[in-house]
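A short write-up of the structure that comes next.
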2 protein chains.
Amino acid sequence: MSTNQTASDNISFLKHLRAVRAFRPGTVPEAALKDILDVARWSGSASNRQPWELVVVQDREMLQALVNGEGSIKHVGSAAMAIILVMAGDPDRFPHETYDEGRLSERIMLAAAAHGLGSCIGWFKGNAPSEVKEMLGIPADRLVRTVISIGYPDEEARRAQPKRPQPRKPIAEIVHRERFA
Amino acid sequence: MSTNQTASDNISFLKHLRAVRAFRPGTVPEAALKDILDVARWSGSASNRQPWELVVVQDREMLQALVNGEGSIKHVGSAAMAIILVMAGDPDRFPHETYDEGRLSERIMLAAAAHGLGSCIGWFKGNAPSEVKEMLGIPADRLVRTVISIGYPDEEARRAQPKRPQPRKPIAEIVHRERFA
């Protein structure tokens with residue numbers, strides 16, 4: 001860790017991550033992608049099983065095709081790239097894999113943000129997981145659900161969005177000291 | 001974000017997070033705890049539901065009592081504090097809550113690391129979730145499973161640990177470009 005990096009810099013970096021759903025054209029530099037994948041690789045997981053593989057899609061036709069399925073995945077269409085998380089799919093470890101998938105996703109978003117890139121999580125629903133496995137050559141027994149869109153934020157589209165009155169609950173509503181009640 | 005913070009600083013910060021299971025004595029400064037809770041508060045979640053509450057335990061007797069249950073939770077005993085994640089417990093949203101719980105956990109660990117604090121995830125197993133709910137006054141219908149220990153790393157204990165030959169899988173083993181196969 002470099003010496004010019006302070007606790008408050010890192011806290012600020014963590015606090016300011018927001019999902020980005022609209023992207024401007026422009027590809028992701030290979031150096032940024034390398035960093036994102038390296039941060040993903042170093043993710044912690046239950047018993048250090050690392051129950052994941054990643055499919056990086058940059059082909060525009062494939063990105064468009066991914067949007068056709070069911071799910072909250074519209075943002076993939078304008079993204080420079082998408083990372084599909086392929087979890088091991090052990091039915092006995094469903095909660096562990098799902099939890100680890102969340103940890104991995106958060107890190108990928110943060111690593112993208114480190115490079116000024118926006119990202120958004122989408123979940124494939126209904127028949128989409130099966131269709132995506134077929135399209136990308138992923139074995140049927142894997143757990144495929146999450147796609148993370150990555151690209152440069154379309155700031156104009158972001159500014160045009162209505163602001164939510166309470167983007168997060170206040171601390172007093174979610175934190176308890178020593179006892180819940 | 002301050003100007004002296006670079007992409008490589010942030011990538012390095014993200015890459016170097018490791019679980020810390022042994023802590024030296026010393027309490028967590030209130031300012032650090034405030035930052036950790038604020039980073040937690042700003043975590044993203046499915047449909048922005050924020051399906052979580054946190055119980056912060058610093059009472060030494062309670063920390064010791066938490067260790068008595070079943071689960072990978074021994075590290076709680078030497079920690080300065082523990083954060084118990086209390087998820088909403090909606091049975092229809094089990095995968096979403098579990099995934100969001102993973103995202104939240106990763107952020108709490110990173111926020112601790114920003115302050116030079118170590119952390120470790122533990123899961124309560126068997127009867128421990130019910131026992132912990134009883135001990136902390138948490139309603140029975142909530143999903144309680146994760147405890148995150150936080151404290152200053154015991155560097156001596158860490159150096160004494162045997163090094164794992166391959167702490168993470170290589171990129172070539174987990175990343176596919178455009179297609180899985």
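Following the order of the structure tokens, chains are lettered A, B, ..., residues in each are numbered from 1, and ligands are numbered from 1.
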
Backbone DSSP call of strand (DSSP E or B) for chain A, listed as a ChimeraX atom specification = /A:23,52-57,71,81-87,118-124,143-151,153,175-177

Could you pull the residues within 12 Å of Gly151 (chain B), counting only C-alpha atoms, minus those fewer than 2 positions along the same chain, as a ChimeraX atom specification?
-> /B:19-29,32-33,58,75-83,109,112-113,115-120,148-149,153-155

When distances are computed from only C-alpha atoms, which of A:Arg164, A:Thr6, A:Leu85, A:Pro95 shows the smallest separation from Val57 (chain A)?
->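 Nearest to Val57 (chain A): A:Leu85.
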
To one decimal place, how far is CA of Asp92 (chain B) from CA of Arg145 (chain A) in Å?
-> 16.6 Å

Give me the chain A side of the contact with chain B, cut-off 7 Å, one line per residue showing its nearest atom pair and distance in Å at one decimal, counting only C-alpha atoms, sorted by chain and residue number, as a tab-separated table.
```
residue	atom	partner	partner_atom	distance
A:Met1	CA	B:Ser12	CA	6.2
A:Ser2	CA	B:Asp9	CA	6.4
A:Asn4	CA	B:Asn4	CA	6.6
A:Gln5	CA	B:Gln5	CA	6.3
A:Ala7	CA	B:Ala114	CA	4.8
A:Asp9	CA	B:Ser2	CA	6.4
A:Asn10	CA	B:Ala114	CA	5.7
A:Ile11	CA	B:Ala111	CA	6.1
A:Ser12	CA	B:Met1	CA	6.2
A:Phe13	CA	B:Met1	CA	6.4
A:Leu14	CA	B:Val39	CA	6.4
A:Lys15	CA	B:Val39	CA	5.1
A:Asp35	CA	B:Ile11	CA	6.8
A:Val39	CA	B:Lys15	CA	5.1
A:Arg41	CA	B:Ile171	CA	6.7
A:Trp42	CA	B:Lys15	CA	6.0
A:Trp52	CA	B:Ile174	CA	6.9
A:Glu53	CA	B:Ile174	CA	4.4
A:Leu54	CA	B:Val175	CA	4.9
A:Val55	CA	B:His176	CA	4.7
A:Val56	CA	B:Arg177	CA	5.0
A:Val57	CA	B:Glu178	CA	4.5
A:Gln58	CA	B:Glu178	CA	6.7
A:Asp59	CA	B:Glu178	CA	7.0
A:Pro95	CA	B:Thr98	CA	6.6
A:Thr98	CA	B:Tyr99	CA	5.2
A:Tyr99	CA	B:Gly102	CA	4.5
A:Asp100	CA	B:Gly102	CA	6.0
A:Glu101	CA	B:Tyr99	CA	6.5
A:Gly102	CA	B:Tyr99	CA	4.5
A:Arg103	CA	B:Gly102	CA	4.7
A:Glu106	CA	B:Arg103	CA	5.4
A:Ala111	CA	B:Ile11	CA	6.1
A:Ala114	CA	B:Ala7	CA	4.8
A:His115	CA	B:Ala7	CA	5.4
A:Leu136	CA	B:Arg179	CA	4.7
A:Gly137	CA	B:Ala181	CA	5.1
A:Ile138	CA	B:Phe180	CA	5.4
A:Arg168	CA	B:Trp42	CA	6.4
A:Ile171	CA	B:Arg41	CA	6.7
A:Ile174	CA	B:Glu53	CA	4.4
A:Val175	CA	B:Leu54	CA	4.9
A:His176	CA	B:Val55	CA	4.7
A:Arg177	CA	B:Val56	CA	5.0
A:Glu178	CA	B:Val57	CA	4.5
A:Arg179	CA	B:Leu136	CA	4.7
A:Phe180	CA	B:Gly137	CA	5.3
A:Ala181	CA	B:Gly137	CA	5.0
```

Expected answer as an mmCIF file with C-alpha atoms, in the first residue's frame: alpha helix (DSSP H) residues in region 87-151 of chain A:
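And here is the file that came out, states26.cif:
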```cif
data_model
loop_
_atom_site.group_PDB
_atom_site.id
_atom_site.type_symbol
_atom_site.label_atom_id
_atom_site.label_comp_id
_atom_site.auth_asym_id
_atom_site.auth_seq_id
_atom_site.Cartn_x
_atom_site.Cartn_y
_atom_site.Cartn_z
ATOM 1 C CA PHE A 94 -25.968 -23.246 -2.240
ATOM 2 C CA PRO A 95 -25.921 -20.691 0.621
ATOM 3 C CA HIS A 96 -22.116 -20.621 0.740
ATOM 4 C CA GLU A 97 -21.803 -20.150 -3.015
ATOM 5 C CA THR A 98 -24.470 -17.446 -3.049
ATOM 6 C CA TYR A 99 -22.787 -15.569 -0.212
ATOM 7 C CA ASP A 100 -19.366 -15.891 -1.868
ATOM 8 C CA GLU A 101 -20.917 -14.729 -5.146
ATOM 9 C CA GLY A 102 -22.020 -11.552 -3.361
ATOM 10 C CA ARG A 103 -18.518 -10.977 -1.985
ATOM 11 C CA LEU A 104 -16.980 -11.522 -5.432
ATOM 12 C CA SER A 105 -19.492 -9.172 -7.090
ATOM 13 C CA GLU A 106 -18.793 -6.371 -4.646
ATOM 14 C CA ARG A 107 -15.068 -6.614 -5.299
ATOM 15 C CA ILE A 108 -15.504 -6.576 -9.078
ATOM 16 C CA MET A 109 -17.615 -3.411 -8.816
ATOM 17 C CA LEU A 110 -15.064 -1.747 -6.541
ATOM 18 C CA ALA A 111 -12.150 -2.692 -8.804
ATOM 19 C CA ALA A 112 -14.016 -1.216 -11.774
ATOM 20 C CA ALA A 113 -14.674 1.958 -9.768
ATOM 21 C CA ALA A 114 -10.949 2.218 -8.990
ATOM 22 C CA ALA A 128 -32.281 -17.068 -18.994
ATOM 23 C CA PRO A 129 -29.686 -19.008 -16.921
ATOM 24 C CA SER A 130 -30.146 -22.085 -19.155
ATOM 25 C CA GLU A 131 -30.082 -19.984 -22.310
ATOM 26 C CA VAL A 132 -26.921 -18.167 -21.204
ATOM 27 C CA LYS A 133 -25.177 -21.460 -20.383
ATOM 28 C CA GLU A 134 -26.060 -22.716 -23.858
ATOM 29 C CA MET A 135 -24.886 -19.485 -25.531
ATOM 30 C CA LEU A 136 -21.551 -19.374 -23.709
#
```

CA of Arg158 (chain B) to CA of Leu66 (chain B): how many Å, to one decimal?
->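 Separation between CA of Arg158 (chain B) and CA of Leu66 (chain B): 23.1 Å.
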